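A.B. asks: One file: model30.tsv (TSV, C-alpha atoms).
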chain	number	residue	atom	x	y	z
A	459	MET	CA	17.96	175.49	6.42
A	460	ASN	CA	21.38	174.51	7.74
A	461	VAL	CA	22.07	172.12	4.85
A	462	ILE	CA	24.45	174.55	3.13
A	463	PRO	CA	26.69	176.65	5.37
A	464	ARG	CA	26.33	180.42	5.02
A	465	ASN	CA	29.98	180.96	4.04
A	466	ILE	CA	29.64	178.51	1.11
A	467	LEU	CA	26.44	180.20	-0.09
A	468	SER	CA	28.12	183.60	0.10
A	469	ALA	CA	31.21	182.36	-1.77
A	470	LEU	CA	29.05	180.77	-4.50
A	471	LEU	CA	27.01	183.96	-4.81
A	472	THR	CA	30.16	186.04	-5.18
A	473	VAL	CA	31.58	183.76	-7.90
A	474	MET	CA	28.26	183.61	-9.78
A	475	PHE	CA	27.91	187.40	-9.56
A	476	ALA	CA	31.41	187.88	-10.99
A	477	VAL	CA	30.91	185.40	-13.86
A	478	VAL	CA	27.44	186.69	-14.80
A	479	SER	CA	28.74	190.28	-14.67
A	480	ILE	CA	31.74	189.52	-16.87
A	481	THR	CA	29.74	187.52	-19.43
A	482	GLY	CA	27.11	190.28	-19.48
A	483	ILE	CA	29.77	192.88	-20.26
A	484	LEU	CA	31.27	190.63	-22.97
A	485	MET	CA	27.82	190.21	-24.53
A	486	PHE	CA	27.16	193.96	-24.36
A	487	PHE	CA	30.35	194.67	-26.31
A	488	LYS	CA	29.62	191.74	-28.67
A	489	ILE	CA	32.80	189.90	-27.67
A	490	ARG	CA	32.22	186.24	-28.42
A	491	VAL	CA	34.38	183.92	-26.34
A	492	LEU	CA	33.38	180.26	-26.28
A	493	SER	CA	29.65	180.15	-25.51
A	494	THR	CA	29.33	183.46	-23.70
A	495	GLY	CA	25.56	183.67	-24.12
A	496	THR	CA	24.92	180.12	-22.95
A	497	ILE	CA	27.28	180.50	-19.98
A	498	HIS	CA	25.58	183.78	-19.06
A	499	ILE	CA	22.08	182.26	-19.16
A	500	TRP	CA	22.83	179.08	-17.22
A	501	LEU	CA	25.00	180.71	-14.59
A	502	GLY	CA	22.45	183.53	-14.33
A	503	LEU	CA	19.77	180.96	-13.50
A	504	THR	CA	22.15	179.34	-11.02
A	505	PHE	CA	22.80	182.79	-9.52
A	506	VAL	CA	19.05	183.30	-9.03
A	507	ALA	CA	18.68	179.88	-7.36
A	508	ILE	CA	21.63	180.48	-5.01
A	509	SER	CA	20.30	183.99	-4.26
A	510	CYS	CA	16.96	182.50	-3.22
A	511	LEU	CA	18.73	180.02	-0.90
A	512	HIS	CA	20.86	182.84	0.51
A	513	LEU	CA	17.75	184.96	1.08
A	514	LEU	CA	15.96	182.13	2.88
A	515	LYS	CA	18.98	181.48	5.06
A	516	ASN	CA	19.25	185.18	5.97
A	517	TRP	CA	15.52	186.03	6.07
A	518	ASN	CA	15.49	187.69	9.51
A	519	GLY	CA	18.46	189.88	8.64
A	520	PHE	CA	16.84	190.73	5.32
A	521	LEU	CA	13.62	191.87	7.02
A	522	SER	CA	15.54	194.05	9.45
A	523	TYR	CA	16.85	196.15	6.53
A	524	PHE	CA	13.30	197.16	5.64
A	525	LYS	CA	12.78	198.82	9.00
A	526	LYS	CA	14.99	201.65	7.75
A	527	ARG	CA	13.47	204.43	5.64
A	528	SER	CA	16.53	204.63	3.36
A	529	THR	CA	16.18	200.96	2.41
A	530	LEU	CA	12.51	201.43	1.55
A	531	LEU	CA	13.31	204.43	-0.63
A	532	SER	CA	16.11	202.54	-2.40
A	533	ALA	CA	13.84	199.55	-3.01
A	534	LEU	CA	11.08	201.82	-4.33
A	535	PHE	CA	13.55	203.53	-6.68
A	536	GLY	CA	14.76	200.13	-7.94
A	537	VAL	CA	11.19	198.98	-8.59
A	538	MET	CA	10.39	202.23	-10.44
A	539	VAL	CA	13.44	201.90	-12.71
A	540	THR	CA	12.65	198.25	-13.43
A	541	VAL	CA	8.99	198.97	-14.19
A	542	THR	CA	10.03	201.82	-16.49
A	543	PHE	CA	12.22	199.50	-18.57
A	544	ILE	CA	9.42	196.94	-18.79
A	545	ILE	CA	6.40	199.22	-19.31
A	546	VAL	CA	7.79	201.83	-21.73
A	547	PRO	CA	8.44	199.30	-24.55
A	548	MET	CA	4.95	197.88	-24.00
A	549	ILE	CA	3.33	201.31	-24.31
A	550	ASN	CA	5.43	202.38	-27.31
A	551	PRO	CA	5.88	199.25	-29.46
A	552	GLU	CA	7.83	201.14	-32.15
A	553	GLU	CA	10.70	201.64	-29.71
A	554	LYS	CA	10.97	197.93	-28.96
A	555	SER	CA	10.79	196.83	-32.60
A	556	ILE	CA	13.67	198.94	-33.93
A	557	ASN	CA	16.18	196.60	-35.53
A	558	PRO	CA	19.07	198.48	-37.16
A	559	LYS	CA	20.35	195.42	-39.03
A	560	ALA	CA	16.91	194.78	-40.54
A	561	LYS	CA	16.66	198.44	-41.59
A	562	ILE	CA	20.07	198.32	-43.29
A	563	VAL	CA	19.28	195.06	-45.10
A	564	GLY	CA	15.85	196.35	-46.14
A	565	THR	CA	17.39	199.54	-47.49
A	566	MET	CA	20.03	197.55	-49.41
A	567	MET	CA	17.38	195.32	-50.97
A	568	SER	CA	15.50	198.31	-52.40
A	569	ALA	CA	18.52	200.43	-53.37
A	570	PRO	CA	19.97	200.36	-56.89
A	571	LEU	CA	22.80	197.87	-57.36
A	572	SER	CA	25.20	200.79	-57.90
A	573	LYS	CA	24.46	202.08	-54.37
A	574	VAL	CA	24.84	198.60	-52.89
A	575	ALA	CA	28.20	198.29	-54.63
A	576	ALA	CA	29.38	201.61	-53.20
A	577	PHE	CA	28.15	200.69	-49.73
A	578	ILE	CA	30.01	197.37	-49.59
A	579	ASP	CA	32.99	198.60	-51.66
A	580	LEU	CA	32.54	196.27	-54.64
A	581	ASP	CA	32.82	197.03	-58.37
A	582	GLU	CA	29.27	197.52	-59.71
A	583	GLU	CA	30.11	196.46	-63.27
A	584	MET	CA	31.74	193.29	-61.96
A	585	MET	CA	28.57	192.64	-59.92
A	586	VAL	CA	26.50	192.79	-63.10
A	587	LYS	CA	29.05	190.54	-64.86
A	588	GLU	CA	28.91	187.97	-62.01
A	589	LEU	CA	25.12	187.95	-62.33
A	590	ALA	CA	25.33	187.62	-66.13
A	591	ASP	CA	27.71	184.67	-65.74
A	592	GLN	CA	24.90	182.99	-63.77
A	593	ARG	CA	22.38	183.84	-66.57
A	594	ILE	CA	20.76	186.58	-64.52
A	595	VAL	CA	19.80	189.74	-66.39
A	596	ALA	CA	20.52	192.86	-64.34
A	597	SER	CA	21.60	196.47	-64.50
A	598	THR	CA	23.19	198.75	-61.94
A	599	LYS	CA	19.95	200.76	-61.82
A	600	GLN	CA	17.88	197.81	-60.55
A	601	SER	CA	17.55	196.87	-56.90
A	602	VAL	CA	18.40	193.42	-55.55
A	603	THR	CA	14.67	192.79	-55.05
A	604	GLU	CA	13.86	193.81	-58.64
A	605	ILE	CA	16.64	191.62	-60.03
A	606	ALA	CA	15.48	188.67	-57.93
A	607	LYS	CA	11.83	189.01	-59.02
A	608	ALA	CA	12.71	189.48	-62.69
A	609	ASN	CA	14.89	186.35	-62.67
A	610	ASP	CA	12.74	184.12	-60.45
A	611	LYS	CA	15.37	184.06	-57.68
A	612	THR	CA	15.44	184.98	-54.00
A	613	ASN	CA	17.18	188.07	-52.64
A	614	ASP	CA	19.67	185.80	-50.85
A	615	GLU	CA	20.58	183.99	-54.09
A	616	ILE	CA	21.25	187.32	-55.79
A	617	LEU	CA	23.33	188.60	-52.86
A	618	LYS	CA	25.45	185.43	-52.79
A	619	ILE	CA	26.32	185.95	-56.43
A	620	VAL	CA	26.84	189.71	-56.09
A	621	PHE	CA	29.21	189.35	-53.14
A	622	LEU	CA	31.52	187.21	-55.28
A	623	ALA	CA	32.34	190.29	-57.39
A	624	PRO	CA	35.84	191.75	-56.98
A	625	GLN	CA	36.34	194.77	-54.75
A	626	ALA	CA	36.34	198.25	-56.27
A	627	GLN	CA	39.75	199.62	-57.21
As a first step, turn the structure in this file into structure tokens.
C.D. replies:
Amino acid sequence: MNVIPRNILSALLTVMFAVVSITGILMFFKIRVLSTGTIHIWLGLTFVAISCLHLLKNWNGFLSYFKKRSTLLSALFGVMVTVTFIIVPMINPEEKSINPKAKIVGTMMSAPLSKVAAFIDLDEEMMVKELADQRIVASTKQSVTEIAKANDKTNDEILKIVFLAPQAQ
């Protein structure tokens, strides 16, 4: 396993660790620069491959760490934390299926148009006028879903029209 010198493997690992860490932090804070997600995934896979090579190259040294009790306890703790993050969502599927954006959109679809207007800071009467201009009968007391069904339209078609209304004064 002397194909790649140890110092090159270590340098590559360090660079990959830094890039994957930075892109992970950017993704966590929803900062989109270039193709952050794609870079993170591909360099993460590269990081795993280089880590495996590094581990093979340093196998004897790696095994010597596990002769110490503190290393075994640390490894056990790491496995327990990892298993917890994998198993808990499997046991409690409600926790893993929470999608705040879907809840907000679902609530908006069933709320009266007047509430939608207040939520997105648009003039409710102008929303109704925009819909009427498109030959869609609606009132501020109806929900987006009700308006869509009554006019043989989709929720998205109604929202596209509604969002063209001027902002509230």
A.B. asks: Skip segment 603-610 of chain A itself and residues of its chain fewer than 5 positions away, then list as an MDAnalysis selection string all residues within 7 Å of it, counting only C-alpha atoms.
C.D. replies: chainID A and resid 567:568 594 596 616
A.B. asks: Skipping near chain neighbours, those fewer than 5 positions away, what residues fall within 8 Å of Gln600 of chain A using all atoms listed in the file, listed as an mmCIF file with C-alpha atoms, keeping the file's coordinate frame?
C.D. replies:
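Once everything was written out, this is selection-v8.cif:
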data_model
loop_
_atom_site.group_PDB
_atom_site.id
_atom_site.type_symbol
_atom_site.label_atom_id
_atom_site.label_comp_id
_atom_site.auth_asym_id
_atom_site.auth_seq_id
_atom_site.Cartn_x
_atom_site.Cartn_y
_atom_site.Cartn_z
ATOM 1 C CA ALA A 569 18.520 200.430 -53.370
ATOM 2 C CA PRO A 570 19.970 200.360 -56.890
ATOM 3 C CA LEU A 571 22.800 197.870 -57.360
ATOM 4 C CA ILE A 605 16.640 191.620 -60.030
#
A.B. asks: Rounded to one decimal, what separation in Å do you get between atom CA of Phe520 of chain A and atom CA of Thr472 of chain A?
C.D. replies: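 So the two atoms, atom CA of Phe520 of chain A and atom CA of Thr472 of chain A, lie 17.6 Å apart.
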A.B. asks: Counting only C-alpha atoms, figure out which residue out of A:Tyr523, A:Asp581, A:Val537, A:His512 gets nearest to Ala469 of chain A.
C.D. replies: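 When distances to Ala469 of chain A are compared using only C-alpha atoms, the smallest one comes from A:His512.
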A.B. asks: For Glu588 of chain A, find every residue with an atom within 12 Å (counting all atoms listed in the file), except residues of its own chain fewer than 4 positions away, and show them as a list in words.
C.D. replies: Leu580, Asp581, Glu582, Glu583, Met584, Gln592, Arg593, Ile594, Val595, Ala596, Ser597, Ile616, Leu617, Lys618, Ile619, Val620, Phe621, Leu622, Ala623 and Pro624 of chain A
A.B. asks: Taking the point (26.3, 182.4, -20.1) as given in the file, collect each protein or nucleic acid residue that comes within 12 Å of it, counting all atoms listed in the file, and present the set as a ChimeraX atom specification.
C.D. replies: /A:474-485,490-505
A.B. asks: Enter the distance from atom CA of Leu589 of chain A to atom CA of Asn613 of chain A, in Å, rounded to one decimal.
C.D. replies: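 One can read the atom CA of Leu589 of chain A to atom CA of Asn613 of chain A distance as 12.5 Å.
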A.B. asks: Please report the interatomic distance between atom CA of Phe577 of chain A and atom CA of Ile562 of chain A in Å with one decimal.
C.D. replies: 10.6 Å
A.B. asks: Smallest atom-to-atom distance to Leu467 of chain A: which of A:Val602, A:Leu513, A:Val586, A:Leu531, using only C-alpha atoms?
C.D. replies: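 Under the stated criterion, the closest residue is A:Leu513.
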